[in-house]
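The block underneath contains the structure these notes are about, expressed in structure tokens.
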Amino acid sequence: MNYLHAGYGKAASSFLQKHYFTEDNGFLNLSRYPEWDSYLQDGLTTAHSLYFPTKSRPQLPDNAGSRSLMIGASDEIFLSDGVDYRIKLERWKEMFPESKVLIITRNQLDIVFSGYRTWIRDGYFRSLESYIREMIWDMQASTLGWLFFDRAYEITKEYFDEVHMFPYERISNFKSFLNEINEFFGVDVQLKNDSVNISSNDTVVKVLRILNYFLRYGKGRPYMTLLPSYMHGPTRFKSNNVPGKVPSPRFRKVVNKLAVRVGSRFPSKVSGREEFFNKYERLFEDIFGESNRRVESLLGEDLGKYGYVGTTAKTTVVD
């Protein structure tokens, strides 16, 4: 049996990749191997069909058969940008037809708010209002279009029998969260709840956005700009044999450090996340309410207590 952790980003994906899907725990995560990382990032998940056949599949790592490791991949790119999700699943199924697929959701307001902050770290400089409008305008291919969890579940079930979807918000009870993943994969992994990719405070984000406005890099650069590794992974230039030097990621690091140094001295007294929820909850309910109610029915899960719009009464969401 193989496995696929398909997403979502901002839903414990980094934590699971760093601490859970490791060889010590009985998993071989192909994303950790350069040749496979290139194949997944620049081929299977992003290359259109006319180009994809030129990408030869790498051999499995030498240690794939040395122990009884569950071979697969943990990478949220499967439920993010790139080619259509069905195409990704078809390509994966051709390689690993018997895969267990894990999908961890998170309420859409949290995912979008956290995604905006990631974009700011990557050079985006426009306001949160502009970010929302742009994503709605480009909903066919933007983050918002990927957050219809009912469709993600149903499409995945068309290709694989064993699919488990559950909300990230359960991580507030970490032992139960971990046990649910263990039960699905039939393992007994024990971990501590160590935070990964901790969010900056609101003031740091504001300072960084101001710096981004004057110092353009990453997502702040014009369309078709050659971008550094933090935008498309470390393999794109080698995979495509791009002539010339690879853009340096150092500028981003310097700007981010400067924003943290300045912004951390002036902690924000207002919760940007809370303001965002109050402002956009109705809009998101119009977009995702029906989908979330269908997910409740599909999973037999009360999502209202986790802040999923369009469902029942909410409680405090996980930050």
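In the structure tokens, chains take letters A, B, ... by order of appearance, with residues numbered from 1 within each chain and ligands from 1 in the order shown.
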For the strand (DSSP E) assignment from backbone DSSP, which residues of region 15-238 of chain A qualify? Please present them as a VMD selection string. chain A and resid 27 to 29 70 to 74 99 to 105 163 to 167
Env of Thr235 (chain A): 9 Å cut, atoms = only C-alpha atoms, seq-sep filter 2 positions within chain, self excluded. Answer as JSON, numbers by chain. {"A": [34, 35, 37, 38, 39, 41, 42, 229, 232, 233, 237, 238, 239, 240]}
Return as a Markdown table the residues of region 60-162 of chain A lying at most 9 Å from region 266-287 of chain A, together with the closest atom-to-atom pair for each and the distance in Å to one decimal, counting only C-alpha atoms, with rows in chain order and ascending residue number.
```
| residue | atom | partner | partner_atom | distance |
| --- | --- | --- | --- | --- |
| A:Gln108 | CA | A:Phe284 | CA | 7.7 |
| A:Leu109 | CA | A:Phe277 | CA | 6.6 |
| A:Asp110 | CA | A:Arg273 | CA | 8.0 |
| A:Phe113 | CA | A:Arg273 | CA | 7.0 |
| A:Ser114 | CA | A:Arg273 | CA | 8.8 |
| A:Leu128 | CA | A:Phe276 | CA | 8.8 |
| A:Leu144 | CA | A:Ile287 | CA | 9.0 |
```
Print the selection's residues with all heavy atoms to a file, as a tab-separated table (two decimals), in the first residue's frame.
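Okay, result34.tsv is ready:
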```tsv
chain	number	residue	atom	x	y	z
A	108	GLN	N	-12.11	27.97	5.53
A	108	GLN	CA	-11.62	28.77	4.40
A	108	GLN	C	-11.12	30.15	4.81
A	108	GLN	O	-10.15	30.67	4.24
A	108	GLN	CB	-12.71	28.90	3.34
A	108	GLN	CG	-13.02	27.60	2.60
A	108	GLN	CD	-14.14	26.81	3.21
A	108	GLN	OE1	-14.57	27.07	4.35
A	108	GLN	NE2	-14.67	25.84	2.48
A	109	LEU	N	-11.76	30.76	5.80
A	109	LEU	CA	-11.31	32.08	6.24
A	109	LEU	C	-9.88	32.02	6.77
A	109	LEU	O	-9.06	32.89	6.46
A	109	LEU	CB	-12.26	32.62	7.32
A	109	LEU	CG	-13.61	33.14	6.82
A	109	LEU	CD1	-14.60	33.23	7.97
A	109	LEU	CD2	-13.45	34.51	6.16
A	110	ASP	N	-9.58	31.00	7.56
A	110	ASP	CA	-8.22	30.86	8.10
A	110	ASP	C	-7.20	30.59	7.00
A	110	ASP	O	-6.10	31.14	7.01
A	110	ASP	CB	-8.18	29.72	9.11
A	110	ASP	CG	-8.31	30.21	10.54
A	110	ASP	OD1	-7.82	31.30	10.84
A	110	ASP	OD2	-8.92	29.49	11.36
A	113	PHE	N	-6.65	33.87	4.99
A	113	PHE	CA	-5.94	34.87	5.78
A	113	PHE	C	-4.47	34.48	5.94
A	113	PHE	O	-3.57	35.32	5.75
A	113	PHE	CB	-6.59	35.02	7.15
A	113	PHE	CG	-5.98	36.09	8.00
A	113	PHE	CD1	-6.29	37.43	7.82
A	113	PHE	CD2	-5.07	35.77	9.01
A	113	PHE	CE1	-5.72	38.43	8.60
A	113	PHE	CE2	-4.49	36.75	9.79
A	113	PHE	CZ	-4.82	38.08	9.59
A	114	SER	N	-4.20	33.23	6.27
A	114	SER	CA	-2.81	32.77	6.41
A	114	SER	C	-2.09	32.79	5.08
A	114	SER	O	-0.91	33.11	5.00
A	114	SER	CB	-2.78	31.36	7.00
A	114	SER	OG	-3.33	31.33	8.30
A	128	LEU	N	-5.19	43.54	1.66
A	128	LEU	CA	-5.96	42.31	1.80
A	128	LEU	C	-7.22	42.38	0.95
A	128	LEU	O	-7.64	41.38	0.36
A	128	LEU	CB	-6.32	42.10	3.27
A	128	LEU	CG	-7.08	40.83	3.65
A	128	LEU	CD1	-6.34	39.59	3.18
A	128	LEU	CD2	-7.31	40.78	5.15
A	144	LEU	N	-9.06	30.31	-3.92
A	144	LEU	CA	-10.48	30.13	-3.61
A	144	LEU	C	-11.08	28.95	-4.36
A	144	LEU	O	-11.92	28.23	-3.82
A	144	LEU	CB	-11.26	31.41	-3.93
A	144	LEU	CG	-11.06	32.60	-3.00
A	144	LEU	CD1	-11.99	33.73	-3.39
A	144	LEU	CD2	-11.29	32.22	-1.54
```
Can you list, as a list in words, every protein, DNA or RNA residue that comes within 9 Å of Ser14 (chain A) when you count only C-alpha atoms, leaving out same-chain residues fewer than 2 positions away? Gly9, Lys10, Ala11, Ala12, Leu16, Gln17, Lys18, His19, Asp75, Glu76, Val196 and Asn197 of chain A
Write a file of the selected residues as a PDB file, in the first residue's frame, keeping N, CA and C atoms.
```pdb
ATOM      1  N   GLY A   9      -2.508  23.181   2.125  1.00  0.00           N
ATOM      2  CA  GLY A   9      -1.527  24.057   2.711  1.00  0.00           C
ATOM      3  C   GLY A   9      -2.151  24.848   3.851  1.00  0.00           C
ATOM      4  N   LYS A  10      -1.365  25.232   4.821  1.00  0.00           N
ATOM      5  CA  LYS A  10      -1.825  25.941   6.018  1.00  0.00           C
ATOM      6  C   LYS A  10      -2.699  25.048   6.894  1.00  0.00           C
ATOM      7  N   ALA A  11      -2.551  23.734   6.734  1.00  0.00           N
ATOM      8  CA  ALA A  11      -3.325  22.781   7.524  1.00  0.00           C
ATOM      9  C   ALA A  11      -2.404  21.669   8.018  1.00  0.00           C
ATOM     10  N   ALA A  12      -1.345  22.060   8.706  1.00  0.00           N
ATOM     11  CA  ALA A  12      -0.366  21.147   9.313  1.00  0.00           C
ATOM     12  C   ALA A  12       0.503  20.430   8.302  1.00  0.00           C
ATOM     13  N   LEU A  16       3.613  17.893   9.282  1.00  0.00           N
ATOM     14  CA  LEU A  16       3.576  16.475   8.936  1.00  0.00           C
ATOM     15  C   LEU A  16       4.767  16.074   8.074  1.00  0.00           C
ATOM     16  N   GLN A  17       5.157  16.943   7.157  1.00  0.00           N
ATOM     17  CA  GLN A  17       6.294  16.640   6.295  1.00  0.00           C
ATOM     18  C   GLN A  17       7.595  16.587   7.094  1.00  0.00           C
ATOM     19  N   LYS A  18       7.706  17.429   8.081  1.00  0.00           N
ATOM     20  CA  LYS A  18       8.950  17.497   8.866  1.00  0.00           C
ATOM     21  C   LYS A  18       9.022  16.409   9.924  1.00  0.00           C
ATOM     22  N   HIS A  19       7.894  16.096  10.553  1.00  0.00           N
ATOM     23  CA  HIS A  19       7.931  15.224  11.725  1.00  0.00           C
ATOM     24  C   HIS A  19       7.221  13.878  11.566  1.00  0.00           C
ATOM     25  N   ASP A  75       2.728  16.397   0.015  1.00  0.00           N
ATOM     26  CA  ASP A  75       2.996  17.676  -0.643  1.00  0.00           C
ATOM     27  C   ASP A  75       1.679  18.346  -0.987  1.00  0.00           C
ATOM     28  N   GLU A  76       1.443  19.517  -0.401  1.00  0.00           N
ATOM     29  CA  GLU A  76       0.175  20.211  -0.601  1.00  0.00           C
ATOM     30  C   GLU A  76      -0.011  20.738  -2.012  1.00  0.00           C
ATOM     31  N   VAL A 196       5.389  24.674  13.684  1.00  0.00           N
ATOM     32  CA  VAL A 196       6.206  24.880  12.494  1.00  0.00           C
ATOM     33  C   VAL A 196       5.639  26.084  11.744  1.00  0.00           C
ATOM     34  N   ASN A 197       6.519  26.965  11.252  1.00  0.00           N
ATOM     35  CA  ASN A 197       6.100  28.153  10.505  1.00  0.00           C
ATOM     36  C   ASN A 197       5.134  29.028  11.316  1.00  0.00           C
TER      37      ASN A 197
END
```
